Number of protein chains: 4
Amino acid sequence: MRPSSSSSPEPAGAQGPGAGPGLFDEVLAAGPVRDAVADRRWLAAMLEAEAALARAQAALGLIPAEAAAAITAACVPERYDLADIAAGAAGSGTPVLPLVTALRRAVPGEVRRYVHAGATSQDILDTAAMLVAHRALGPLLADLDGAAEAAGDLARRYRDTPAAGRTLLQHAVPVTFWLKAAGWLVALREARDLLVRVRTRRLAVQLGGAAGTLDAYGDAGPAVVRRFAAELGLAAPLVPWHTDRTRVAELAGALATAAGVAGKAARDVTLLAQSEVGEVAEAAPGASSAMPHKRNPVAAVATLAAAAQAPGLAATVFGAMVQEHERAAGAWHAEWRPLRELLVAAGSAVHWLRRCLSGLVVDEAAVARNLARLRAVAGETAGGGTGAAAALVDLALAAGDETGERP
Amino acid sequence: MRPSSSSSPEPAGAQGPGAGPGLFDEVLAAGPVRDAVADRRWLAAMLEAEAALARAQAALGLIPAEAAAAITAACVPERYDLADIAAGAAGSGTPVLPLVTALRRAVPGEVRRYVHAGATSQDILDTAAMLVAHRALGPLLADLDGAAEAAGDLARRYRDTPAAGRTLLQHAVPVTFWLKAAGWLVALREARDLLVRVRTRRLAVQLGGAAGTLDAYGDAGPAVVRRFAAELGLAAPLVPWHTDRTRVAELAGALATAAGVAGKAARDVTLLAQSEVGEVAEAAPGASSAMPHKRNPVAAVATLAAAAQAPGLAATVFGAMVQEHERAAGAWHAEWRPLRELLVAAGSAVHWLRRCLSGLVVDEAAVARNLARLRAVAGETAGGGTGAAAALVDLALAAGDETGERP
Amino acid sequence: MRPSSSSSPEPAGAQGPGAGPGLFDEVLAAGPVRDAVADRRWLAAMLEAEAALARAQAALGLIPAEAAAAITAACVPERYDLADIAAGAAGSGTPVLPLVTALRRAVPGEVRRYVHAGATSQDILDTAAMLVAHRALGPLLADLDGAAEAAGDLARRYRDTPAAGRTLLQHAVPVTFWLKAAGWLVALREARDLLVRVRTRRLAVQLGGAAGTLDAYGDAGPAVVRRFAAELGLAAPLVPWHTDRTRVAELAGALATAAGVAGKAARDVTLLAQSEVGEVAEAAPGASSAMPHKRNPVAAVATLAAAAQAPGLAATVFGAMVQEHERAAGAWHAEWRPLRELLVAAGSAVHWLRRCLSGLVVDEAAVARNLARLRAVAGETAGGGTGAAAALVDLALAAGDETGERP
Amino acid sequence: MRPSSSSSPEPAGAQGPGAGPGLFDEVLAAGPVRDAVADRRWLAAMLEAEAALARAQAALGLIPAEAAAAITAACVPERYDLADIAAGAAGSGTPVLPLVTALRRAVPGEVRRYVHAGATSQDILDTAAMLVAHRALGPLLADLDGAAEAAGDLARRYRDTPAAGRTLLQHAVPVTFWLKAAGWLVALREARDLLVRVRTRRLAVQLGGAAGTLDAYGDAGPAVVRRFAAELGLAAPLVPWHTDRTRVAELAGALATAAGVAGKAARDVTLLAQSEVGEVAEAAPGASSAMPHKRNPVAAVATLAAAAQAPGLAATVFGAMVQEHERAAGAWHAEWRPLRELLVAAGSAVHWLRRCLSGLVVDEAAVARNLARLRAVAGETAGGGTGAAAALVDLALAAGDETGERP
C-alpha cells in the first residue's frame with residue numbers, strides 16, 4: 001500500500017474506477033450523480049474527513065497546527081491507489097484501515113500519531129458518506145428543479161387547453177391539458193423540499209471513536225465534533241450516531257420519494273405518448289433499427305426503470321437500522337451499497353425526467369380529438385371543469401418555493 | 001344497503017370487525033394503534049369527511065345550512081352496517097360508493113343531492129386515511145415518548161456505571177453502561193420529531209372531484225378545501241393530490257424509521273439479556289412451559305418482529321407512487337393495506353419497546369464482570385472513556401425536545 | 001382460559017374473527033383464500049397438529065392409544081375461545097402455550113401429560129402454518145387454473161385475429177390478437193407448476209422439541225416425524241427446520257411469482273380497455289356514481305392492487321431467514337403476518353384475474369381499427385407475422401400441463 | 001462506433017469496466033461472481049447470442065453457412081469498445097442497438113443483412129442475461145458446496161460434543177455442538193438444489209423478434225429457437241417470454257434464498273464468537289488498528305452485509321414482473337441492475353461464508369463452560385438430548401445430495 005505517484009484522471013463508472021460508463025449506466029445511471037458517487041469521490045471524501053479532523057483538533061489545541069497542515073497536505077486523492085485501498089478493505093471490513101495506513105506513510109514520521117487520532121473507521125466512512133451524499137444532492141436537486149421548470153412551462157403554456165381527464169385509465173371528465181403538469185410540478189417541489197431539509201439538517205459528521213464515547217478528546221469531545229462539522233459544512237450531531245441510523249433512513253426515504261415522483265410523471269408521458277392517444281411525444285424519441293416508424297419515449301422509460309429501483313433499496317436501508325450495541329455486525333456495511341445505488345437511481349430518474357419534459361412535443365389536435373371522443377360518450381356529465389382547473393394551475397405556478405400545504 | 005338500526009359496540013381486530021384480538025394481534029399488533037386503525041374507525045372517518053364537506057360548503061353558501069346539519073346528523077357510524085359497506089365495495093372498487101348510497105338513504109329526500117356533492121370516492125377515502133393516520137399517531141407518539149422516557153431513566157440512573165462497549169459483537173473498549181440508552185433516547189426523539197412533522201404539516205384533506213379540478217364548486221373550490229381542512233384539523237393542500245402521493249410516502253418513511261429505531265433498542269436488549277451476558281432482564285419475561293428456567297425477553301422479541309414488517313411495507317407504499325393520470329388504476333388501492341399495516345407494525349414496535357424498557361432489570365454485577373473480562377483481555381487500550389461517555393449522556397438528557405443536530 | 005361450550009359459526013375476516021368481510025377485503029382480499037387463512041383455520045390446524053402428534057406417538061407405542069384418542073377427541077376447534085387464546089399469546093409470544101394449556105384442561109387428568117409431548121410451540125405453529133398454506137393453495141390453484149382456462153379460451157377464439165403489437169407502449173408490428181393471451185396462459189401455468197412443486201415437496205411438518213433435537217422420543221424421533229407427516233399429508237423433513245426457513249422462502253417466492261403473473265395480465269387488460277384503445281371491456285365493469293359513462297376495469301384494477309402487495313411481503317419473508325441459533329429472537333415471529341398476507345394477496349390477485357378474463361368482451365372492430373392505424377403509419381415493415389403468431393398460440397394451447405421449457 | 005482494434009485485458013469491477021475492484025467490492029462483492037457478471041462478460045454473452053443465432057439459422061438453411069461463419073468470426077469481444085457501446089445505449093435504451101451497428105460494420109458488406117436477423121434487442125439482451133447468470137452460478141454453486149462441506153466437517157467433528165442450545169437468545173436445553181452445523185448443511189443443500197433446478201430448467205434463450213411472433217423465420221421459428229438454445233446450452237422456451245418474467249423471478253427467489261441461508265449461518269457465527277460466549281473464532285479474524293485485542297468475525301459480518309441486500313433486490317425483480325403488452329415500458333429495463341446485484345450479493349454471501357466456516361476455530365473449553373452454566377441454571381429439565389441430536393447429525397450428513405424432504 002503506497003500513495004500512487006500519478007493522478008488517475010479517467011472518469012469512473014457508477015460503481016468503481018474505470019474508463020467510461022458501465023454498460024447500462026447511460027440508461028440506468030444517467031446524469032451527474034453517477035460521477036458524484038464514484039469511488040474516487042468516496043476516497044476524496046474520506047481524505048477530506050481525515051484532514052478536517054486534524055484541523056479541528058489543531059484549532060482546539062489538541063494537536064500541533066503543523067501536524068494538521070501536514071495531514072491536510074497529504075490528503076490529496078491522486079496520491080492514493082484506489083485499487084490498493086479497495087484490496088486492503090477485505091482484512092478489516094472497511095477501506096478506512098488501509099487508507100489510514102497509507103496516509104500515515106505519506107506524512108512525516110512525527111506526524112503519524114496525529115493521523116486519524118481519536119477516530120474509528122466508521123467515523124471516517126460515515127462522514128464521507130454524508131459528504132458524498134451532500135454533494136450528489138447538488139446536481140440531483142438541479143435536475144429536480146430543471147424538471148419542475150419544464151413541468152411549469154408546460155402547465156403555463158397549456159393552462160387553458162381543455163383535454164380528457166382519465167381515471168382508472170378510462171375517460172372521466174374534461175380537465176385542462178396541463179393540470180397534470182401542475183400536479184407534477186407540485187410533487188417535484190415537495191420532493192425537493194424534503195431532500196433540501198434532509199440535506200441541510202440531517203447530513204451530519206460522525207465522530208465518536210472506538211465505542212462512541214469521544215473519550216480520546218477528553219472534555220473537548222463535543223467541541224471537536226462541532227469544529228469538525230464546521231470544517232466540512234455538515235451538521236453536528238448531539239451524540240455519535242454509529243448505530244442510530246435515522247439520518248440515513250431519512251435520506252433514503254427522501255430519495256425514494258423523489259424517485260416515485262419522477263416515476264409518476266414518466267408513467268403519464270408513456271401513456272400520453274401511446275400510438276392510440278398521441279397527445280405528446282418526446283423531443284428526441286428512441287430509435288428502433290427494425291421499426292423506423294417507432295418513436296419510443298425512451299426518456300420516460302428510463303425514468304421508470306430508475307424509479308423502480310428505489311423502493312427495494314430504501315427497504316434495505318430501513319432494514320439495516322437494527323444495529324447491534326456500539327457498532328454493528330453487518331448492518332452498517334449493508335447500508336453502503338443501497339445508499340449509493342439509491343442516490344444513483346433517484347438521480348437518474350430525475351435526470352431522465354428533465355430530459356423527457358424539456359421540449360416535450362404536444363399534439364394539440366390529438367388532445368382535441370380525444371376530448372371530443374370523451375364528450376361524445378359522456379354527454380352532459382362532461383361539461384365544465386376547465387375554468388376551475390386553470391385556476392388550480394395558477395395556484396400551483398404561483399406557489400413558488402412552497403411545498404403546497406397551508407398548516 | 002341500509003343504515004343499521006343498532007349499534008355494534010364490540011371491539012374490532014386489527015383488520016376488521018370482530019369480537020376480540022386476532023390470533024397473532026397481541027404479539028404482532030399490540031397496543032392502541034390496532035384499534036385506532038380498525039375498520040369502524042375508517043367508517044367513522046369517512047362519515048366525518050362527508051359531514052365536514054357538507055358543512056364546508058354550507059359555510060361558503062354553496063348548500064343550505066339545513067342540508068349540512070341533516071347530513072352531519074346522519075353521519076353516525078353506528079347507523080351503518082360495516083359488512084354491508086364492505087360487501088358493496090367490490091362493485092366499484094372502494095367502500096365509498098356503497099357508503100354514499102346508504103348515507104343518501106339516511107337523509108331526507110331533498111337533502112340527498114347535497115350528500116358527497118362535488119366529491120369523488122378518492123376524496124373521501126384519502127381524507128379518511130389521513131384522519132385515521134392522524135389519530136393513530138396520537139397513541140403511537142405517546143408510546144414513543146414513554147419508551148424515550150424509560151430510556152432516559154436508564155441513562156440517568158446508570159450514567160456513571162462503566163461497562164463493556166461492543167463493536168461487531170466483540171468487546172471493544174469501556175463505555176458507561178447507559179450511553180447505549182442515551183443513544184436510544186436520541187434516536188427515539190428523532191423518530192418522534194419526524195412523525196410530528198409529517199402529522200402536523202403533511203396529513204391533509206383530499207378534495208378534487210372526479211378528475212381533480214374542483215370544478216363543482218366554481219370559483220369557490222380552493223376556499224372549500226381550506227374550510228374542509230379546518231373542519232377536520234388537517235392541512236389544506238394547494239392542489240388535489242390524487243396521484244401525487246408524497247404525503248403518503250413521507251408518512252410511510254417516518255413510520256419505517258420509527259420501527260427501525262425501536263428494533264435497534266430491542267436488538268440490544270436481546271443481546272444484553274443473553275444467558276452468557278446477563279446484563280439485563282425484562283421485568284416480565286416470557287414463560288416457557290417446558291423450560292421453567294427460561295426468562296425470554298418477549299417484549300424485545302415482539303418489538304423486533306413488528307419492526308421487521310416495516311421495510312417491506314414502506315417499499316410497497318413507495319412503489320405505489322407511480323400512479324396514472326388523474327386517478328390511478330390499482331396503485332392507489334395498493335396503498336390502503338400497507339399504510340394500515342405500517343401504522344400497526346410501528347405502533348406495536350414502540351408499544352412493546354416501551355414495555356421492554358420500562359422496569360428493565362439491570363444486573364450490575366454482571367455488568368462489572370463483563371467489563372473486568374474486557375479489561376483483562378484488552379489491557380491498557382481499554383483505559384478511560386467513561387467520563388466522556390457520561391458527558392455525552394448528559395448532553396442527550398439535556399436536549400429535551402431537540403432532535404440533536406445543530407445546523 | 002377454557003374451552004368454550006358453544007361453536008362460533010360466523011365467517012371470519014382476513015385477519016381475525018368477525019362477522020363479515022373487512023372493509024377492504026372484497027377489493028384487496030377477494031376470493032376463497034381469505035377464509036382459508038382465517039384465524040379459526042389456524043386454530044383448527046394447530047389442534048390437528050396436536051392430535052396428529054399424539055396419534056403418531058401412539059402408533060409407535062410411545063403413548064397409550066387411549067390417550068391419543070382422548071386428545072384427538074378434544075381437538076375440536078369449536079371448543080376453544082379464539083379471543084382467549086389470542087389474549088394469552090402475549091405472555092409467551094405465541095398462541096400455542098395458551099392453546100396447550102386449554103387443551104390439557106379439556107382432556108382427562110391422566111392424559112394431560114401426553115398432550116404436546118416432546119414438542120415445542122414452534123413445532124405446532126410451523127406445522128399449522130404449513131397446513132394452512134397447503135389448504136389455501138387449493139382454492140388459489142383452482143383460481144389460477146380458472147384464469148388459465150379463460151386465457152386459453154381467448155387465445156383459441158382469437159387465434160387468427162390480426163392486431164397491433166405494442167412495445168414500449170408504442171405500435172410495433174402486427175401480432176395475432178391473442179398471442180398475448182397465449183403468453184398469459186403459459187405464464188399462469190409456470191406459476192402453477194412452481195406452486196404445485198412447493199406444495200407437494202416443500203410444505204413439511206415441523207417437529208424437534210425445545211432445541212430441535214427430538215430427544216423426547218429417544219431413538220424413535222425420526223420415525224415420529226415421518227408418522228406425524230403422514231397423519232397430516234405433509235412432507236417429512238430430514239431434520240427440524242426451526243431456523244432453516246428455506247421452505248417458507250420458497251413458498252413466498254412462488255406466491256410472489258404468481259402475483260406477478262396475474263399483475264402482468266391485468267396490466268394488459270387495463271391498457272387494452274383504455275378509452276382510446278377500446279379493444280376489450282370487462283364483462284362486469286365497475287360503476288361510477290358521478291360518471292355513468294364509465295366502464296372501469298375494476299377486476300383488473302383489483303388484480304393489480306393485490307399483486308402490488310407481493311414483492312414487499314416476499315422481501316420480509318426473505319429478510320426473516322436470518323434466524324438465531326436453535327430458535328430465533330423475533331425473525332420467526334416476523335414471518336407469520338407476511339406469509340398470511342402473501343397467501344391472501346396472491347389469492348386475491350388470481351381470483352380477480354379469473355373474473356377479469358372470464359367473459360372478457362372483445363371489440364373486434366376496435367382491434368381492426370387500431371391495426372389499420374399501425375399499418376398506415378408503419379407501412380411495409382408491418383407486414384406478415386400473424387401466421388407465425390398463430391402457430392405459437394397453438395404451441396401454447398397444446399402444451400397442456402407442461403411449463404414450457406424443453407431442457 | 002467501431003470495433004476497437006486493441007483488446008482490453010484489464011479486470012472489471014462489479015459494475016463496469018475498470019482497473020481493479022471497486023472501493024467496497026472486496027467486502028460486499030467478494031468472490032468470483034463479481035467478475036462473472038462484469039460488463040465485458042455481458043458484452044461477450046451478447047456477441048455469443050448473435051453468433052449462435054446466425055449459426056442456428058444457417059443450420060436450418062435460412063441463411064448461408066458462410067454468413068454464419070463470418071458473423072461468428074466477428075463476435076470477438078475484444079474487437080468492441082465497451083465505452084462506445086455503453087455510450088450508444090442512451091439513444092435506444094439498450095446497448096444492443098449500438099452493438100449490432102458495430103457488429104454489422106465488422107462483417108463483410110454482403111453479410112450485414114444476416115446479422116441480428118429476425119431478432120429484437122430484447123432477444124439478445126435476455127439471452128445474454130441468462131448466459132451470464134448460468135455462468136455466474138457455476139462459481140456461486142462451488143462456493144455454496146464449499147460452505148456446505150465446511151459445515152459438514154464441523155458437524156462430523158463435533159457430532160458428539162454436548163453444548164448449550166439457545167432459543168430466543170436464551171439458554172434452552174443441551175444439544176450437540178454441531179447439530180447447528182448440520183442445520184446449516186441441510187439449508188445450504190436446499191439452496192443449492194433450488195439454484196440447480198432454476199439453472200438447468202429455467203434459464204432459457206429468448207427469441208421472438210419485434211413483437212414476439214418469430215415471424216421472420218416463417219414456419220421455422222420454433223426450430224430456430226431450439227437450435228439457438230442448443231448452441232448456447234440453455235433451455236428452449238415454448239413461446240417467447242418477453243413479458244413473462246417467471247424465469248427471472250424464479251432465479252431471483254432462489255438467489256435470495258441462498259443469501260438468506262448464508263446469513264443465518266453467519267449470524268450464528270457472530271453470536272457464538274461474542275466475547276462472552278467465545279465458542280468459535282474465525283481462522284483469520286479482522287484486525288482493528290486501535291484495538292489490538294479484537295478478533296472481529298469479519299467473514300461472518302461480510303456475509304451478513306451481502307445477505308442483507310437480497311430481499312430488497314428480489315422485491316424489485318418481483319415488482320418488475322408487471323410488464324406491458326408485447327414488450328414493456330420500463331419494467332424490463334428495471335430488471336437488469338437488481339438481477340446483477342443479486343447474483344453479486346448472493347455470490348459474495350456464500351463466498352464469505354465458505355471462508356468463515358473453513359477452518360473455524362472451536363474452543364471446546366468455552367463450549368463446556370457455557371453448557372455447565374446452562375445445566376446449573378436449568379437443572380433436571382436440561383437432561384438428555386445429545387444422543388438424539390447426534391443421530392440427527394448423522395441423518396444430515398448421510399443425506400448427500402438430497403434436499404431433505406421425503407414426500
# chains A, B, ... in the order shown; residues from 1 in each chain; ligands from 1
$ closest_atom_pairs --of "chain A" --to "chain C" --cutoff "7 Å" --atoms "only C-alpha atoms" --output "JSON lines"
{"residue": "A:Leu168", "atom": "CA", "partner": "C:Asn296", "partner_atom": "CA", "distance": 6.4}
{"residue": "A:Leu169", "atom": "CA", "partner": "C:Gln274", "partner_atom": "CA", "distance": 5.5}
{"residue": "A:Gln170", "atom": "CA", "partner": "C:Gln274", "partner_atom": "CA", "distance": 5.3}
{"residue": "A:His171", "atom": "CA", "partner": "C:Ser275", "partner_atom": "CA", "distance": 5.9}
{"residue": "A:Ala172", "atom": "CA", "partner": "C:Met291", "partner_atom": "CA", "distance": 6.9}
{"residue": "A:Thr270", "atom": "CA", "partner": "C:Leu169", "partner_atom": "CA", "distance": 6.7}
{"residue": "A:Gln274", "atom": "CA", "partner": "C:Gln170", "partner_atom": "CA", "distance": 5.3}
{"residue": "A:Ser275", "atom": "CA", "partner": "C:Gln170", "partner_atom": "CA", "distance": 5.3}
{"residue": "A:Glu276", "atom": "CA", "partner": "C:Glu276", "partner_atom": "CA", "distance": 5.9}
{"residue": "A:Val277", "atom": "CA", "partner": "C:Glu276", "partner_atom": "CA", "distance": 6.1}
{"residue": "A:Met291", "atom": "CA", "partner": "C:Thr381", "partner_atom": "CA", "distance": 6.6}
{"residue": "A:His293", "atom": "CA", "partner": "C:Ala378", "partner_atom": "CA", "distance": 5.3}
{"residue": "A:Lys294", "atom": "CA", "partner": "C:Ala172", "partner_atom": "CA", "distance": 6.9}
{"residue": "A:Asn296", "atom": "CA", "partner": "C:Leu168", "partner_atom": "CA", "distance": 6.4}
{"residue": "A:Val377", "atom": "CA", "partner": "C:His293", "partner_atom": "CA", "distance": 6.7}
{"residue": "A:Ala378", "atom": "CA", "partner": "C:His293", "partner_atom": "CA", "distance": 5.3}
{"residue": "A:Thr381", "atom": "CA", "partner": "C:Met291", "partner_atom": "CA", "distance": 6.6}
$ atom_distance --atom1 "CA of Asp39 (chain A)" --atom2 "CA of Val132 (chain A)"
10.0 Å
$ select_by_dssp --residues "region 82-300 of chain D" --states "strand (DSSP E)" --output "CSV table (one decimal) with N, CA, C and O atoms, in the first residue's frame"
chain,number,residue,atom,x,y,z
D,162,PRO,N,-21.4,-32.2,23.5
D,162,PRO,CA,-22.6,-31.5,24.1
D,162,PRO,C,-22.4,-30.0,24.2
D,162,PRO,O,-21.3,-29.6,24.4
D,163,ALA,N,-23.4,-29.3,24.0
D,163,ALA,CA,-23.3,-27.8,24.1
D,163,ALA,C,-24.7,-27.2,24.5
D,163,ALA,O,-25.7,-27.9,24.5
D,164,ALA,N,-24.6,-26.0,24.8
D,164,ALA,CA,-25.9,-25.3,25.2
D,164,ALA,C,-26.7,-25.0,23.9
D,164,ALA,O,-26.2,-24.4,23.0
D,165,GLY,N,-28.0,-25.4,23.9
D,165,GLY,CA,-28.9,-25.0,22.9
D,165,GLY,C,-29.5,-23.7,23.3
D,165,GLY,O,-29.7,-23.4,24.5
D,166,ARG,N,-29.8,-22.8,22.3
D,166,ARG,CA,-30.3,-21.5,22.7
D,166,ARG,C,-31.5,-21.1,21.8
D,166,ARG,O,-31.5,-21.3,20.6
D,167,THR,N,-32.5,-20.7,22.5
D,167,THR,CA,-33.7,-20.2,21.8
D,167,THR,C,-34.1,-18.8,22.4
D,167,THR,O,-33.9,-18.5,23.5
D,170,GLN,N,-31.7,-17.2,24.6
D,170,GLN,CA,-31.5,-17.7,26.0
D,170,GLN,C,-31.1,-19.1,26.0
D,170,GLN,O,-31.6,-19.9,25.1
D,171,HIS,N,-30.4,-19.5,27.0
D,171,HIS,CA,-30.1,-21.0,27.1
D,171,HIS,C,-31.4,-21.7,27.2
D,171,HIS,O,-32.4,-21.3,27.9
D,172,ALA,N,-31.5,-22.8,26.5
D,172,ALA,CA,-32.7,-23.7,26.5
D,172,ALA,C,-32.4,-25.0,27.1
D,172,ALA,O,-32.5,-25.2,28.3
D,173,VAL,N,-32.0,-26.0,26.2
D,173,VAL,CA,-31.6,-27.3,26.7
D,173,VAL,C,-30.3,-27.7,25.9
D,173,VAL,O,-30.0,-27.1,24.9
D,174,PRO,N,-29.6,-28.7,26.4
D,174,PRO,CA,-28.4,-29.1,25.7
D,174,PRO,C,-28.7,-29.7,24.3
D,174,PRO,O,-29.7,-30.3,24.0
D,175,VAL,N,-27.8,-29.4,23.4
D,175,VAL,CA,-27.8,-30.0,22.1
D,175,VAL,C,-26.3,-30.6,21.9
D,175,VAL,O,-25.5,-30.5,22.8
D,176,THR,N,-26.1,-31.2,20.7
D,176,THR,CA,-24.7,-31.4,20.5
D,176,THR,C,-24.2,-30.2,19.7
D,176,THR,O,-25.0,-29.5,19.1
D,236,ALA,N,-34.9,-24.2,-24.1
D,236,ALA,CA,-35.7,-23.6,-25.2
D,236,ALA,C,-37.1,-23.3,-24.7
D,236,ALA,O,-37.8,-24.2,-24.2
D,237,PRO,N,-37.5,-22.1,-24.7
D,237,PRO,CA,-38.9,-21.8,-24.2
D,237,PRO,C,-39.9,-22.2,-25.3
D,237,PRO,O,-39.7,-22.3,-26.5
D,280,VAL,N,-16.6,-20.0,19.2
D,280,VAL,CA,-15.8,-20.1,18.0
D,280,VAL,C,-15.1,-18.8,17.7
D,280,VAL,O,-15.4,-17.7,18.2
D,281,ALA,N,-14.1,-18.9,16.8
D,281,ALA,CA,-13.4,-17.7,16.3
D,281,ALA,C,-13.1,-18.0,14.8
D,281,ALA,O,-12.8,-19.2,14.5
$ residues_around --residues "Ala204 (chain C)" --least-positions-apart "5" --cutoff "12 Å" --atoms "only C-alpha atoms" --output "PyMOL selection string"
(chain C and resi 49+123-124+126-134+198-199+225-226+228-242+245-248+251) or (chain D and resi 404-407)
$ closest_residue --among "C:Leu23, C:Ala302, C:Val393, C:Val205" --to "Leu43 (chain B)" --atoms "only C-alpha atoms"
C:Leu23
$ select_by_dssp --residues "region 99-156 of chain A" --states "alpha helix (DSSP H)" --output "NGL selection string"
:A and (99-106 or 121-156)
$ residues_around --residues "Gln323 (chain D)" --least-positions-apart "3" --cutoff "10 Å" --atoms "only C-alpha atoms" --output "PyMOL selection string"
(chain C and resi 168+260-261+263-268) or (chain D and resi 242-245+319-320+326-332)
$ residues_around --residues "region 336-346 of chain D" --least-positions-apart "2" --cutoff "6 Å" --atoms "only C-alpha atoms" --output "PyMOL selection string"
chain D and resi 29+33-34+255+259+306+310+313+333-334+348-349
$ write_last_selection --atoms "all heavy atoms" --output "mmCIF file, in the first residue's frame"
data_model
loop_
_atom_site.group_PDB
_atom_site.id
_atom_site.type_symbol
_atom_site.label_atom_id
_atom_site.label_comp_id
_atom_site.auth_asym_id
_atom_site.auth_seq_id
_atom_site.Cartn_x
_atom_site.Cartn_y
_atom_site.Cartn_z
ATOM 1 N N ALA D 29 -18.792 -7.475 -2.485
ATOM 2 C CA ALA D 29 -18.930 -8.175 -3.768
ATOM 3 C C ALA D 29 -17.749 -9.112 -3.938
ATOM 4 O O ALA D 29 -17.121 -9.166 -4.980
ATOM 5 C CB ALA D 29 -19.007 -7.162 -4.914
ATOM 6 N N VAL D 33 -18.051 -14.290 -8.435
ATOM 7 C CA VAL D 33 -19.242 -13.878 -9.175
ATOM 8 C C VAL D 33 -19.105 -12.466 -9.721
ATOM 9 O O VAL D 33 -19.580 -12.156 -10.813
ATOM 10 C CB VAL D 33 -20.509 -14.009 -8.300
ATOM 11 C CG1 VAL D 33 -21.720 -13.417 -9.000
ATOM 12 C CG2 VAL D 33 -20.757 -15.471 -7.954
ATOM 13 N N ARG D 34 -18.451 -11.609 -8.968
ATOM 14 C CA ARG D 34 -18.274 -10.221 -9.418
ATOM 15 C C ARG D 34 -17.696 -10.171 -10.819
ATOM 16 O O ARG D 34 -18.187 -9.439 -11.680
ATOM 17 C CB ARG D 34 -17.344 -9.495 -8.442
ATOM 18 C CG ARG D 34 -17.104 -8.053 -8.806
ATOM 19 C CD ARG D 34 -16.275 -7.364 -7.738
ATOM 20 N NE ARG D 34 -14.862 -7.615 -7.868
ATOM 21 C CZ ARG D 34 -14.031 -7.852 -6.851
ATOM 22 N NH1 ARG D 34 -14.482 -7.886 -5.612
ATOM 23 N NH2 ARG D 34 -12.748 -8.067 -7.054
ATOM 24 N N LEU D 255 -31.899 -17.046 -5.564
ATOM 25 C CA LEU D 255 -30.723 -16.317 -5.080
ATOM 26 C C LEU D 255 -30.983 -15.711 -3.702
ATOM 27 O O LEU D 255 -30.121 -15.742 -2.822
ATOM 28 C CB LEU D 255 -30.325 -15.230 -6.077
ATOM 29 C CG LEU D 255 -29.726 -15.735 -7.396
ATOM 30 C CD1 LEU D 255 -29.702 -14.623 -8.437
ATOM 31 C CD2 LEU D 255 -28.319 -16.297 -7.175
ATOM 32 N N ALA D 259 -28.955 -16.487 -0.259
ATOM 33 C CA ALA D 259 -28.390 -15.421 0.572
ATOM 34 C C ALA D 259 -28.898 -15.526 2.005
ATOM 35 O O ALA D 259 -28.148 -15.343 2.968
ATOM 36 C CB ALA D 259 -28.742 -14.057 -0.025
ATOM 37 N N ALA D 306 -23.773 -8.812 2.841
ATOM 38 C CA ALA D 306 -24.181 -9.185 1.488
ATOM 39 C C ALA D 306 -25.586 -9.777 1.506
ATOM 40 O O ALA D 306 -26.423 -9.461 0.646
ATOM 41 C CB ALA D 306 -23.182 -10.174 0.895
ATOM 42 N N ALA D 310 -30.220 -8.900 -0.421
ATOM 43 C CA ALA D 310 -31.028 -9.759 -1.286
ATOM 44 C C ALA D 310 -32.534 -9.495 -1.240
ATOM 45 O O ALA D 310 -33.182 -9.435 -2.296
ATOM 46 C CB ALA D 310 -30.732 -11.225 -0.977
ATOM 47 N N LEU D 313 -33.572 -6.492 -3.355
ATOM 48 C CA LEU D 313 -33.306 -6.697 -4.777
ATOM 49 C C LEU D 313 -34.298 -7.684 -5.378
ATOM 50 O O LEU D 313 -34.798 -7.487 -6.492
ATOM 51 C CB LEU D 313 -31.864 -7.186 -4.972
ATOM 52 C CG LEU D 313 -30.781 -6.162 -4.610
ATOM 53 C CD1 LEU D 313 -29.405 -6.829 -4.544
ATOM 54 C CD2 LEU D 313 -30.761 -5.018 -5.622
ATOM 55 N N HIS D 333 -36.260 -2.978 -18.341
ATOM 56 C CA HIS D 333 -35.003 -2.295 -18.031
ATOM 57 C C HIS D 333 -34.735 -2.315 -16.516
ATOM 58 O O HIS D 333 -33.583 -2.346 -16.082
ATOM 59 C CB HIS D 333 -35.038 -0.841 -18.501
ATOM 60 C CG HIS D 333 -35.340 -0.662 -19.954
ATOM 61 N ND1 HIS D 333 -36.595 -0.895 -20.486
ATOM 62 C CD2 HIS D 333 -34.561 -0.276 -21.004
ATOM 63 C CE1 HIS D 333 -36.564 -0.643 -21.797
ATOM 64 N NE2 HIS D 333 -35.353 -0.276 -22.128
ATOM 65 N N ALA D 334 -35.801 -2.287 -15.752
ATOM 66 C CA ALA D 334 -35.658 -2.239 -14.293
ATOM 67 C C ALA D 334 -35.083 -3.523 -13.715
ATOM 68 O O ALA D 334 -34.617 -3.541 -12.581
ATOM 69 C CB ALA D 334 -37.016 -1.938 -13.648
ATOM 70 N N SER D 348 -21.369 -13.151 -3.086
ATOM 71 C CA SER D 348 -20.488 -12.653 -2.033
ATOM 72 C C SER D 348 -20.832 -13.298 -0.688
ATOM 73 O O SER D 348 -19.949 -13.664 0.090
ATOM 74 C CB SER D 348 -20.603 -11.125 -1.945
ATOM 75 O OG SER D 348 -19.607 -10.585 -1.117
ATOM 76 N N ALA D 349 -22.114 -13.454 -0.446
ATOM 77 C CA ALA D 349 -22.538 -14.053 0.826
ATOM 78 C C ALA D 349 -21.996 -15.480 0.961
ATOM 79 O O ALA D 349 -21.427 -15.848 1.994
ATOM 80 C CB ALA D 349 -24.060 -14.032 0.937
#
$ atom_distance --atom1 "CA of Asp81 (chain A)" --atom2 "CA of Glu26 (chain D)"
14.9 Å
